file input04.cif (mmCIF, C-alpha atoms and all ligand atoms)
data_protein
#
loop_
_atom_site.label_atom_id
_atom_site.label_comp_id
_atom_site.auth_asym_id
_atom_site.auth_seq_id
_atom_site.Cartn_x
_atom_site.Cartn_y
_atom_site.Cartn_z
CA MET A 184 -67.04 -62.05 136.82
CA THR A 185 -70.35 -63.02 135.20
CA ASP A 186 -69.95 -61.64 131.68
CA SER A 187 -67.02 -63.86 130.73
CA PHE A 188 -65.91 -63.40 127.13
CA LEU A 189 -62.76 -65.49 127.32
CA SER A 190 -62.67 -68.39 129.78
CA ILE A 191 -59.50 -70.25 130.62
CA LYS A 192 -60.40 -73.41 132.53
CA ASN A 193 -57.96 -75.61 134.43
CA ILE A 194 -55.11 -75.20 131.97
CA ARG A 195 -52.20 -77.49 132.77
CA LYS A 196 -49.03 -77.98 130.76
CA THR A 197 -46.19 -80.36 131.48
CA TYR A 198 -42.98 -81.02 129.57
CA GLY A 199 -41.85 -84.44 130.78
CA SER A 200 -41.40 -83.98 134.50
CA VAL A 201 -41.44 -80.14 134.28
CA ILE A 202 -44.74 -78.57 135.28
CA ALA A 203 -44.85 -75.30 133.28
CA VAL A 204 -48.47 -74.52 134.20
CA GLU A 205 -50.03 -76.31 137.13
CA ASP A 206 -53.68 -75.24 137.04
CA VAL A 207 -54.83 -71.89 135.67
CA THR A 208 -58.47 -70.79 135.62
CA LEU A 209 -59.50 -67.26 134.69
CA ASP A 210 -62.46 -65.35 133.22
CA ILE A 211 -61.87 -62.25 131.13
CA ALA A 212 -64.61 -59.77 130.27
CA LYS A 213 -65.15 -58.33 126.81
CA GLY A 214 -63.05 -55.21 126.33
CA GLU A 215 -60.95 -55.89 129.40
CA PHE A 216 -57.19 -55.31 129.56
CA LEU A 217 -55.82 -58.16 131.65
CA THR A 218 -52.13 -58.66 132.34
CA PHE A 219 -50.27 -61.84 133.29
CA LEU A 220 -47.57 -60.63 135.67
CA GLY A 221 -45.01 -62.78 137.44
CA PRO A 222 -41.37 -63.81 137.69
CA SER A 223 -39.52 -65.51 134.88
CA GLY A 224 -40.58 -69.12 134.45
CA SER A 225 -43.90 -68.75 136.30
CA GLY A 226 -46.00 -69.97 133.35
CA LYS A 227 -47.26 -66.73 131.79
CA SER A 228 -46.12 -67.37 128.22
CA THR A 229 -47.09 -71.03 128.32
CA THR A 230 -50.66 -70.03 129.26
CA LEU A 231 -50.75 -67.38 126.55
CA PHE A 232 -49.41 -69.84 123.97
CA ALA A 233 -52.19 -72.28 124.85
CA ILE A 234 -54.73 -69.55 123.98
CA ALA A 235 -52.82 -68.64 120.81
CA GLY A 236 -52.64 -72.29 119.77
CA PHE A 237 -48.84 -72.53 119.53
CA GLU A 238 -48.66 -75.18 122.22
CA ALA A 239 -51.50 -77.54 123.10
CA PRO A 240 -51.99 -77.70 126.87
CA THR A 241 -51.79 -81.11 128.54
CA SER A 242 -55.33 -80.55 129.81
CA GLY A 243 -57.89 -77.80 130.23
CA GLU A 244 -60.24 -75.74 128.12
CA VAL A 245 -60.32 -72.29 126.51
CA ILE A 246 -63.70 -70.81 125.52
CA LEU A 247 -63.89 -67.61 123.45
CA ASP A 248 -67.31 -66.03 123.07
CA GLY A 249 -69.00 -69.40 123.64
CA GLN A 250 -66.74 -71.33 121.26
CA ALA A 251 -64.23 -74.01 122.38
CA LEU A 252 -60.86 -72.93 120.98
CA LEU A 253 -58.47 -75.79 121.60
CA ASP A 254 -59.62 -77.95 118.68
CA ILE A 255 -59.25 -75.05 116.23
CA PRO A 256 -55.80 -74.69 114.60
CA SER A 257 -53.84 -71.59 115.56
CA HIS A 258 -54.23 -69.73 112.23
CA LYS A 259 -58.01 -70.18 112.29
CA ARG A 260 -58.51 -68.80 115.81
CA ASN A 261 -58.63 -65.24 114.51
CA ILE A 262 -56.66 -63.94 117.48
CA GLY A 263 -54.30 -60.96 117.13
CA MET A 264 -50.75 -61.36 118.42
CA VAL A 265 -47.77 -59.11 119.11
CA PHE A 266 -44.56 -60.56 120.50
CA GLN A 267 -41.27 -59.40 121.95
CA ARG A 268 -39.22 -59.85 118.82
CA TYR A 269 -40.37 -57.81 115.89
CA THR A 270 -42.06 -60.28 113.66
CA LEU A 271 -42.62 -58.02 110.67
CA PHE A 272 -41.91 -59.35 107.19
CA PRO A 273 -38.58 -57.66 106.40
CA HIS A 274 -39.07 -57.55 102.63
CA LEU A 275 -42.53 -55.96 102.82
CA THR A 276 -43.17 -52.26 103.42
CA VAL A 277 -45.04 -51.09 106.50
CA GLY A 278 -48.24 -50.73 104.47
CA GLU A 279 -47.85 -54.21 102.98
CA ASN A 280 -47.19 -55.68 106.41
CA VAL A 281 -50.41 -54.20 107.78
CA ALA A 282 -52.30 -55.31 104.63
CA PHE A 283 -51.02 -58.89 104.90
CA PRO A 284 -53.70 -60.38 107.22
CA LEU A 285 -56.39 -58.65 105.11
CA ARG A 286 -55.02 -60.15 101.89
CA VAL A 287 -54.98 -63.59 103.51
CA ARG A 288 -58.65 -63.04 104.32
CA ARG A 289 -59.31 -62.00 100.70
CA LYS A 290 -60.62 -58.53 101.46
CA SER A 291 -61.23 -56.19 98.53
CA ALA A 292 -58.50 -53.78 97.39
CA SER A 293 -60.50 -50.73 98.49
CA GLU A 294 -61.26 -52.23 101.89
CA ILE A 295 -57.56 -53.07 102.37
CA LYS A 296 -56.52 -49.56 101.40
CA SER A 297 -58.86 -47.82 103.81
CA LYS A 298 -58.15 -50.27 106.65
CA VAL A 299 -54.36 -49.90 106.29
CA ALA A 300 -54.75 -46.11 106.40
CA GLU A 301 -57.01 -46.35 109.43
CA MET A 302 -54.60 -48.67 111.28
CA LEU A 303 -51.50 -46.58 110.51
CA GLU A 304 -53.34 -43.53 111.79
CA LEU A 305 -54.29 -45.45 114.94
CA VAL A 306 -50.61 -46.13 115.70
CA GLN A 307 -49.62 -42.66 114.42
CA LEU A 308 -47.39 -43.89 111.58
CA GLN A 309 -49.45 -42.63 108.67
CA ASP A 310 -46.39 -41.11 106.99
CA MET A 311 -44.36 -44.30 107.01
CA ALA A 312 -46.44 -46.67 104.86
CA ASP A 313 -43.71 -47.04 102.23
CA ARG A 314 -40.77 -47.72 104.53
CA LEU A 315 -39.22 -51.09 105.12
CA PRO A 316 -39.07 -52.36 108.73
CA SER A 317 -35.25 -52.06 108.68
CA GLN A 318 -35.66 -48.30 108.18
CA MET A 319 -37.57 -47.89 111.44
CA SER A 320 -36.78 -47.81 115.15
CA GLY A 321 -37.69 -50.73 117.41
CA GLY A 322 -40.60 -48.81 118.89
CA GLN A 323 -41.98 -47.94 115.47
CA GLN A 324 -41.68 -51.56 114.37
CA GLN A 325 -43.67 -52.68 117.39
CA ARG A 326 -46.38 -50.14 116.51
CA VAL A 327 -46.53 -51.59 112.99
CA ALA A 328 -46.84 -55.07 114.52
CA LEU A 329 -49.72 -53.74 116.62
CA ALA A 330 -51.40 -52.19 113.56
CA ARG A 331 -51.04 -55.48 111.67
CA ALA A 332 -52.45 -57.48 114.59
CA LEU A 333 -55.50 -55.20 114.86
CA ALA A 334 -56.16 -54.82 111.11
CA TYR A 335 -58.75 -57.60 110.90
CA ASP A 336 -60.58 -56.56 114.10
CA PRO A 337 -59.68 -59.64 116.16
CA PRO A 338 -61.88 -60.20 119.21
CA VAL A 339 -58.77 -60.72 121.37
CA LEU A 340 -55.24 -59.38 121.16
CA LEU A 341 -52.42 -61.31 122.84
CA MET A 342 -49.22 -59.43 123.63
CA ASP A 343 -46.16 -61.23 125.04
CA GLU A 344 -43.57 -58.80 126.48
CA PRO A 345 -43.94 -56.58 123.38
CA LEU A 346 -41.88 -53.74 124.85
CA SER A 347 -39.10 -55.61 126.64
CA ALA A 348 -36.53 -54.92 123.90
CA LEU A 349 -37.06 -51.13 124.14
CA ASP A 350 -35.44 -48.61 126.47
CA LYS A 351 -37.41 -47.22 129.40
CA LYS A 352 -38.44 -43.90 127.87
CA LEU A 353 -39.66 -45.49 124.64
CA ARG A 354 -41.44 -48.19 126.61
CA GLU A 355 -43.39 -45.57 128.55
CA GLU A 356 -44.29 -43.71 125.37
CA ILE A 357 -45.65 -46.85 123.73
CA GLN A 358 -47.47 -47.86 126.91
CA THR A 359 -49.40 -44.59 126.63
CA GLN A 360 -50.21 -45.39 123.01
CA ILE A 361 -51.32 -48.93 123.87
CA ARG A 362 -53.68 -47.55 126.52
CA ARG A 363 -55.15 -45.09 124.03
CA ILE A 364 -55.52 -47.77 121.35
CA HIS A 365 -57.22 -50.09 123.83
CA LYS A 366 -59.73 -47.33 124.71
CA GLU A 367 -60.34 -46.42 121.07
CA THR A 368 -60.81 -49.96 119.73
CA GLY A 369 -62.35 -51.66 122.79
CA VAL A 370 -60.41 -54.84 121.91
CA THR A 371 -59.95 -57.40 124.69
CA ILE A 372 -56.24 -57.57 125.53
CA LEU A 373 -54.22 -60.25 127.30
CA TYR A 374 -50.76 -58.90 128.01
CA VAL A 375 -47.70 -60.65 129.45
CA THR A 376 -44.99 -58.81 131.36
CA HIS A 377 -42.65 -59.35 134.31
CA ASP A 378 -42.51 -55.57 134.90
CA GLN A 379 -44.91 -54.59 137.69
CA GLU A 380 -44.91 -50.89 136.80
CA GLU A 381 -45.93 -51.72 133.24
CA ALA A 382 -48.69 -54.01 134.55
CA LEU A 383 -49.99 -51.35 136.95
CA ARG A 384 -49.93 -48.66 134.28
CA LEU A 385 -51.74 -50.64 131.58
CA SER A 386 -54.16 -53.08 133.12
CA ASP A 387 -57.76 -53.16 134.24
CA ARG A 388 -56.86 -56.31 136.17
CA ILE A 389 -53.66 -58.23 136.85
CA ALA A 390 -53.27 -62.00 137.26
CA LEU A 391 -50.14 -62.57 139.32
CA PHE A 392 -48.43 -65.86 138.41
CA ASN A 393 -46.14 -67.88 140.64
CA GLN A 394 -44.84 -71.38 139.91
CA GLY A 395 -47.47 -72.26 137.32
CA ARG A 396 -50.43 -70.91 139.27
CA ILE A 397 -52.28 -67.63 139.67
CA GLU A 398 -51.73 -66.34 143.21
CA GLN A 399 -54.25 -63.50 142.91
CA VAL A 400 -56.35 -61.72 140.28
CA GLY A 401 -57.48 -58.16 140.84
CA THR A 402 -56.97 -54.50 140.06
CA GLY A 403 -53.52 -53.07 140.75
CA HIS A 404 -55.12 -51.34 143.76
CA ASP A 405 -56.39 -54.71 145.11
CA LEU A 406 -53.03 -56.40 144.73
CA TYR A 407 -51.18 -53.49 146.32
CA PHE A 408 -53.48 -52.84 149.27
CA ASN A 409 -55.05 -56.27 149.80
CA PRO A 410 -52.44 -58.85 148.86
CA ALA A 411 -53.83 -62.36 149.36
CA THR A 412 -50.49 -64.03 149.97
CA ARG A 413 -46.96 -63.29 151.12
CA PHE A 414 -45.77 -63.73 147.54
CA VAL A 415 -48.14 -61.03 146.22
CA ALA A 416 -47.16 -58.67 149.03
CA GLY A 417 -43.49 -59.16 148.21
CA PHE A 418 -43.81 -58.95 144.43
CA ILE A 419 -45.87 -55.74 144.14
CA GLY A 420 -44.30 -52.61 145.61
CA ASN A 421 -41.97 -52.45 148.61
CA SER A 422 -42.84 -54.18 151.85
CA ASN A 423 -41.43 -54.82 155.29
CA PHE A 424 -41.92 -58.37 156.55
CA LEU A 425 -41.59 -58.68 160.32
CA GLU A 426 -41.36 -61.81 162.40
CA VAL A 427 -44.47 -62.06 164.55
CA GLU A 428 -46.86 -64.38 166.34
CA ALA A 429 -50.52 -64.28 165.32
CA GLN A 430 -52.80 -64.75 168.34
CA GLY A 431 -56.55 -65.01 168.90
CA ALA A 432 -57.57 -65.28 165.23
CA ARG A 433 -61.21 -64.23 164.83
CA ASP A 434 -63.31 -62.98 161.88
CA GLY A 435 -60.30 -62.71 159.59
CA ARG A 436 -58.24 -60.66 162.04
CA ALA A 437 -55.69 -61.43 164.72
CA LYS A 438 -53.42 -59.84 167.27
CA ALA A 439 -49.80 -59.44 166.13
CA VAL A 440 -47.26 -60.01 168.91
CA PHE A 441 -43.65 -59.07 168.08
CA PRO A 442 -40.63 -60.79 169.68
CA ASP A 443 -40.08 -57.73 171.95
CA GLY A 444 -43.64 -58.01 173.31
CA THR A 445 -45.07 -55.07 171.30
CA GLN A 446 -48.66 -55.87 170.31
CA MET A 447 -51.10 -54.70 167.68
CA ASP A 448 -54.76 -55.72 167.60
CA GLY A 449 -57.08 -56.25 164.65
CA VAL A 450 -54.58 -56.99 161.86
CA PRO A 451 -56.15 -58.64 158.75
CA LEU A 452 -55.08 -62.30 158.76
CA HIS A 453 -54.45 -64.40 155.63
CA THR A 454 -53.72 -68.09 155.44
CA ASP A 455 -50.58 -68.20 153.36
CA GLY A 456 -49.71 -70.46 150.45
CA ALA A 457 -47.58 -73.55 150.79
CA GLY A 458 -43.83 -73.30 151.29
CA ASN A 459 -43.88 -70.60 153.99
CA GLU A 460 -43.43 -71.32 157.68
CA GLY A 461 -44.76 -69.43 160.68
CA SER A 462 -46.21 -65.90 160.57
CA VAL A 463 -45.10 -62.53 159.28
CA LEU A 464 -46.60 -59.07 159.45
CA MET A 465 -46.32 -57.07 156.25
CA VAL A 466 -46.43 -53.27 156.23
CA ARG A 467 -45.52 -50.83 153.46
CA PRO A 468 -42.75 -48.25 154.16
CA GLU A 469 -45.14 -45.39 153.41
CA ALA A 470 -47.85 -46.68 155.80
CA ILE A 471 -45.58 -46.26 158.84
CA ARG A 472 -45.51 -43.10 160.99
CA LEU A 473 -42.54 -42.17 163.15
CA GLU A 474 -42.94 -41.14 166.77
CA THR A 475 -39.79 -39.85 168.35
CA ALA A 476 -39.11 -41.31 171.81
CA ALA A 477 -39.48 -37.83 173.29
CA SER A 478 -43.15 -37.73 172.38
CA GLN A 479 -43.49 -41.06 174.22
CA GLY A 480 -45.80 -42.49 171.58
CA ALA A 481 -46.54 -46.18 171.73
CA GLY A 482 -45.46 -48.42 168.89
CA LEU A 483 -42.68 -50.69 167.76
CA PRO A 484 -39.27 -49.30 168.78
CA ILE A 485 -36.43 -49.33 166.23
CA ARG A 486 -32.94 -47.89 166.33
CA ILE A 487 -32.14 -45.85 163.22
CA PHE A 488 -28.93 -46.69 161.37
CA ASP A 489 -29.41 -44.64 158.18
CA THR A 490 -31.51 -41.85 156.69
CA THR A 491 -31.67 -40.97 152.98
CA PHE A 492 -33.10 -37.85 151.34
CA LEU A 493 -35.47 -38.87 148.51
CA GLY A 494 -36.73 -35.44 147.46
CA ASP A 495 -40.31 -35.60 148.67
CA ALA A 496 -39.57 -37.95 151.56
CA ILE A 497 -36.90 -39.24 153.90
CA GLN A 498 -36.15 -42.94 153.91
CA VAL A 499 -35.41 -44.12 157.41
CA ASP A 500 -33.73 -47.49 157.91
CA GLY A 501 -33.62 -48.98 161.37
CA ARG A 502 -33.41 -52.20 163.32
CA THR A 503 -35.76 -53.78 165.84
CA SER A 504 -34.39 -54.94 169.19
CA TRP A 505 -34.24 -58.50 167.79
CA GLY A 506 -32.22 -57.35 164.77
CA GLN A 507 -34.74 -57.12 161.90
CA THR A 508 -34.34 -54.29 159.43
CA VAL A 509 -37.32 -51.96 158.85
CA THR A 510 -37.63 -49.28 156.16
CA VAL A 511 -39.90 -46.25 156.59
CA ARG A 512 -40.73 -43.71 153.91
CA ALA A 513 -41.54 -40.52 155.80
CA PRO A 514 -42.97 -37.74 153.58
CA LEU A 515 -41.46 -34.30 154.15
CA SER A 516 -45.01 -32.93 154.18
CA ALA A 517 -45.59 -34.95 157.36
CA GLY A 518 -42.37 -33.83 159.02
CA GLY A 519 -39.92 -36.30 157.47
CA ALA A 520 -37.79 -38.11 160.06
CA GLN A 521 -39.03 -35.72 162.83
CA GLY A 522 -35.45 -34.60 163.38
CA ALA A 523 -34.29 -38.13 164.23
CA GLY A 524 -31.11 -39.58 162.74
CA PRO A 525 -28.70 -42.51 162.99
CA GLY A 526 -28.33 -43.79 166.55
CA ASP A 527 -31.76 -42.50 167.69
CA THR A 528 -34.56 -44.75 168.81
CA VAL A 529 -38.04 -44.03 167.44
CA ASN A 530 -41.40 -45.78 167.73
CA LEU A 531 -43.18 -46.99 164.63
CA GLN A 532 -46.95 -46.75 164.33
CA TRP A 533 -49.39 -47.68 161.62
CA ASN A 534 -53.09 -48.42 161.28
CA ALA A 535 -53.68 -52.13 161.85
CA GLU A 536 -55.79 -52.40 158.70
CA GLU A 537 -52.90 -51.08 156.62
CA SER A 538 -50.83 -54.14 157.55
CA HIS A 539 -51.38 -57.84 156.90
CA LEU A 540 -50.60 -61.03 158.77
CA PHE A 541 -49.65 -64.04 156.67
CA SER A 542 -49.72 -67.21 158.65
CA ASN A 543 -49.37 -70.93 158.14
CA GLY A 544 -49.41 -71.69 161.83
N1 LIG A 601 -40.47 -76.38 125.62
C1 LIG A 601 -40.23 -76.48 126.94
N2 LIG A 601 -39.63 -77.57 127.44
C2 LIG A 601 -39.40 -77.70 128.76
N3 LIG A 601 -39.72 -76.78 129.69
C3 LIG A 601 -40.34 -75.66 129.26
C4 LIG A 601 -40.61 -75.45 127.86
N4 LIG A 601 -41.22 -74.25 127.74
C5 LIG A 601 -41.30 -73.74 128.99
N5 LIG A 601 -40.77 -74.58 129.90
C6 LIG A 601 -40.68 -74.37 131.36
O1 LIG A 601 -41.96 -74.05 131.85
C7 LIG A 601 -41.90 -73.04 132.87
C8 LIG A 601 -42.80 -71.88 132.50
O2 LIG A 601 -42.28 -71.19 131.37
P1 LIG A 601 -42.94 -69.89 130.74
O3 LIG A 601 -42.16 -69.52 129.54
O4 LIG A 601 -44.40 -70.08 130.61
O5 LIG A 601 -42.69 -68.82 131.89
P2 LIG A 601 -42.88 -67.26 131.84
O6 LIG A 601 -43.59 -66.92 133.10
O7 LIG A 601 -43.51 -66.84 130.57
O8 LIG A 601 -41.39 -66.78 131.93
P3 LIG A 601 -40.61 -65.60 131.10
O9 LIG A 601 -41.07 -64.32 131.72
O10 LIG A 601 -39.18 -65.92 131.40
O11 LIG A 601 -40.99 -65.78 129.67
C9 LIG A 601 -40.44 -72.68 133.00
O12 LIG A 601 -39.91 -73.39 134.09
C10 LIG A 601 -39.84 -73.17 131.70
O13 LIG A 601 -38.47 -73.51 131.86
#
call {"tool": "encode", "arguments": {"input": "input04.cif", "output": "structure tokens", "more": "lines below"}}
Ligand SMILES: Nc1ncnc2c1ncn2[C@@H]1O[C@H](COP(=O)(O)OP(=O)(O)OP(=O)(O)O)[C@@H](O)[C@H]1O
result
Amino acid sequence: MTDSFLSIKNIRKTYGSVIAVEDVTLDIAKGEFLTFLGPSGSGKSTTLFAIAGFEAPTSGEVILDGQALLDIPSHKRNIGMVFQRYTLFPHLTVGENVAFPLRVRRKSASEIKSKVAEMLELVQLQDMADRLPSQMSGGQQQRVALARALAYDPPVLLMDEPLSALDKKLREEIQTQIRRIHKETGVTILYVTHDQEEALRLSDRIALFNQGRIEQVGTGHDLYFNPATRFVAGFIGNSNFLEVEAQGARDGRAKAVFPDGTQMDGVPLHTDGAGNEGSVLMVRPEAIRLETAASQGAGLPIRIFDTTFLGDAIQVDGRTSWGQTVTVRAPLSAGGAQGAGPGDTVNLQWNAEESHLFSNG
């Protein structure tokens, strides 16, 4: 990305012998909504805290709008923050909470008044200015925290799992509000979550963390359809991983040869990250078509051991001749399981470019 607004360069953080963040480099555009997604302990919060100034990284640089941030103390970085635990001042009303950062910045009384009104309207809490935080629900408190963080028009807003304490329905409601507020204000947002659905719903781009590194950065679409590594393919959405040999690698593609001799040409080939042996072919359950043996279609034969009705689709679970389990999601609109059930053998087909080979060999 050429128009980098926030640059994170080679951030590394160690605690004694623990490597919390190994080496993170990332450019974020002005107005972008970028999410750090990844399993617990993968280094998301540590990276965010380095930008916030709560924890100095062991090495690396952070540049915001041309200015080096790491030598500036946290409270002078002018960055907005919203965290998991409600961090409102309990003895101040909602209005006073939102006014707080403006008072610290010595804004005039009239400016504070109009800004507080504007912010409460933005988070749709205009009728609650006089309440205390303890008189509000968790979701409302997080919206006040958001209003307070945005009150002084920070160039960047950092959010660390802000919705993880809320139930699913409330989370989805506030996600919709966060999207709207991002559109209306144009603020650059860095958001941390371990919930892939939340990341897909909110983000322009996602940086997927694993063991202190970013495995891939891209749109949700990129990560879902073009995963760069086995880890990305396994973390986002559902995938089948099948044992395979990759042969005749050429121009980023190879032939997949399964243990039963079934072959598929022209599968996109990726060199996988460290820690994985051999080769696997990854294919999504919904990318697979079923051919019943009667139609004599080619493909990878499996023996079905279970079918499940999912409403709009049938889930078909089967086993290859060498004992690997495969899951297929067969839409009813495309004929569902084609009349096949447990005990039947069917052939699986898919377009080569809708699968991926990950290989270290
Ligand atoms: N103060 C600390 N002392 C020692 N190790 C730490 C410290 N803070 C974090 N770590 C370790 O650094 C690694 C990264 O932690 P971090 O909190 O950044 O992960 P995360 O991806 O944000 O996880 P979560 O989703 O659980 O918050 C973890 O292994 C963690 O145990």
call {"tool": "closest_residue", "arguments": {"input": "input04.cif", "among": "A:Gly395, A:Pro468, A:Pro284, A:Gly522", "to": "A:Thr508", "atoms": "all atoms listed in the file"}}
result
A:Pro468
call {"tool": "residues_around", "arguments": {"input": "input04.cif", "residues": "A:Arg326", "least_positions_apart": "2", "cutoff": "12 Å", "atoms": "all atoms listed in the file", "output": "PyMOL selection string"}}
result
chain A and resi 265-267+269-271+277+280-281+302-309+311+316+319-324+328-333+345-346+353-354+356-361+364
call {"tool": "closest_atom_pairs", "arguments": {"input": "input04.cif", "of": "chain A", "to": "ligand LIG 601 (chain A)", "cutoff": "9 Å", "atoms": "only C-alpha atoms and all ligand atoms", "output": "tab-separated table"}}
result
residue	atom	partner	partner_atom	distance
A:Lys196	CA	A:LIG601	O1	8.2
A:Thr197	CA	A:LIG601	O1	7.6
A:Tyr198	CA	A:LIG601	C2	4.9
A:Gly199	CA	A:LIG601	C2	7.5
A:Ser200	CA	A:LIG601	C2	8.7
A:Val201	CA	A:LIG601	N3	5.9
A:Ile202	CA	A:LIG601	O1	6.3
A:Ala203	CA	A:LIG601	O1	3.5
A:Val204	CA	A:LIG601	C8	6.5
A:Phe219	CA	A:LIG601	O6	8.4
A:Leu220	CA	A:LIG601	O6	7.9
A:Gly221	CA	A:LIG601	O6	6.2
A:Pro222	CA	A:LIG601	O6	6.0
A:Ser223	CA	A:LIG601	O10	3.5
A:Gly224	CA	A:LIG601	O5	3.3
A:Ser225	CA	A:LIG601	O6	3.7
A:Gly226	CA	A:LIG601	O4	3.2
A:Lys227	CA	A:LIG601	O6	3.9
A:Ser228	CA	A:LIG601	O7	3.6
A:Thr229	CA	A:LIG601	O4	3.7
A:Thr230	CA	A:LIG601	O4	6.4
A:Leu231	CA	A:LIG601	O4	8.0
A:Phe232	CA	A:LIG601	O4	8.3
A:Glu238	CA	A:LIG601	N1	8.9
A:Asp343	CA	A:LIG601	O11	8.3
A:Glu344	CA	A:LIG601	O9	8.0
A:Val375	CA	A:LIG601	O7	7.6
A:Thr376	CA	A:LIG601	O9	6.8
A:His377	CA	A:LIG601	O9	5.8
A:Phe392	CA	A:LIG601	O6	7.3
A:Asn393	CA	A:LIG601	O6	8.0
A:Gln394	CA	A:LIG601	C8	7.7
A:Gly395	CA	A:LIG601	C8	6.7
call {"tool": "closest_residue", "arguments": {"input": "input04.cif", "among": "A:Leu315, A:Asp500, A:Tyr374, A:Leu406", "to": "A:Leu275", "atoms": "all atoms listed in the file"}}
result
A:Leu315
call {"tool": "closest_residue", "arguments": {"input": "input04.cif", "among": "A:Asp448, A:Asp310, A:Glu215, A:Asp527", "to": "A:Val499", "atoms": "all atoms listed in the file"}}
result
A:Asp527
call {"tool": "atom_distance", "arguments": {"input": "input04.cif", "atom1": "atom CA of A:Ile234", "atom2": "atom CA of A:Asp336"}}
result
17.3 Å
call {"tool": "closest_residue", "arguments": {"input": "input04.cif", "among": "A:Leu340, A:Ile255, A:Ala300, A:Ile485", "to": "A:Leu189", "atoms": "all atoms listed in the file"}}
result
A:Leu340
call {"tool": "closest_residue", "arguments": {"input": "input04.cif", "among": "A:Leu247, A:Ile389, A:Ala334, A:Ala239", "to": "A:Leu285", "atoms": "all atoms listed in the file"}}
result
A:Ala334
call {"tool": "residues_near_point", "arguments": {"input": "input04.cif", "point": "(-44.6, -64.8, 154.7)", "cutoff": "10 Å", "atoms": "only C-alpha atoms", "output": "list in words"}}
result
Thr412, Arg413, Phe414, Val415, Ala416, Gly417, Phe424, Leu425, Glu426, His453, Thr454, Asp455, Gly456, Gly458, Asn459, Glu460, Gly461, Ser462, Val463, Leu464, Met465, His539, Leu540, Phe541, Ser542 and Asn543 of chain A
call {"tool": "atom_distance", "arguments": {"input": "input04.cif", "atom1": "atom CA of A:Ile487", "atom2": "atom CA of A:Pro410"}}
result
28.1 Å
call {"tool": "closest_residue", "arguments": {"input": "input04.cif", "among": "A:Ala235, A:Arg363, A:Pro273, A:Ile397", "to": "A:Glu205", "atoms": "only C-alpha atoms"}}
result
A:Ile397
call {"tool": "residues_around", "arguments": {"input": "input04.cif", "residues": "A:Gly420", "least_positions_apart": "2", "cutoff": "7 Å", "atoms": "all atoms listed in the file", "output": "list in words"}}
result
Tyr407, Phe418 and Ser422 of chain A
call {"tool": "atom_distance", "arguments": {"input": "input04.cif", "atom1": "atom CA of A:Phe216", "atom2": "atom CA of A:Leu253"}}
result
22.0 Å
call {"tool": "residues_around", "arguments": {"input": "input04.cif", "residues": "A:Ala523", "least_positions_apart": "4", "cutoff": "12 Å", "atoms": "only C-alpha atoms", "output": "list of chain:residue names"}}
result
A:Leu473, A:Glu474, A:Thr475, A:Ala476, A:Ala477, A:Ile485, A:Arg486, A:Ile487, A:Phe488, A:Asp489, A:Thr490, A:Thr491, A:Ile497, A:Gln498, A:Val499, A:Asp500, A:Gly501, A:Ala513, A:Gly518, A:Gly519, A:Asp527, A:Thr528, A:Val529, A:Asn530
call {"tool": "residues_around", "arguments": {"input": "input04.cif", "residues": "stretch 492-494 of chain A", "least_positions_apart": "6", "cutoff": "12 Å", "atoms": "all atoms listed in the file", "output": "PyMOL selection string"}}
result
chain A and resi 500+511-516+519-520+524
call {"tool": "residues_around", "arguments": {"input": "input04.cif", "residues": "A:Val370", "least_positions_apart": "2", "cutoff": "7 Å", "atoms": "only C-alpha atoms", "output": "PDB file with C-alpha atoms, in the frame of the given file"}}
result
ATOM      1  CA  GLY A 214     -63.050 -55.210 126.330  1.00  0.00           C
ATOM      2  CA  PRO A 338     -61.880 -60.200 119.210  1.00  0.00           C
ATOM      3  CA  VAL A 339     -58.770 -60.720 121.370  1.00  0.00           C
ATOM      4  CA  LEU A 340     -55.240 -59.380 121.160  1.00  0.00           C
ATOM      5  CA  HIS A 365     -57.220 -50.090 123.830  1.00  0.00           C
ATOM      6  CA  THR A 368     -60.810 -49.960 119.730  1.00  0.00           C
ATOM      7  CA  ILE A 372     -56.240 -57.570 125.530  1.00  0.00           C
TER       8      ILE A 372
END
call {"tool": "residues_near_point", "arguments": {"input": "input04.cif", "point": "(-56.6, -62.2, 165.1)", "cutoff": "10 Å", "atoms": "all atoms listed in the file", "output": "PyMOL selection string"}}
result
chain A and resi 429-439+447-453+540
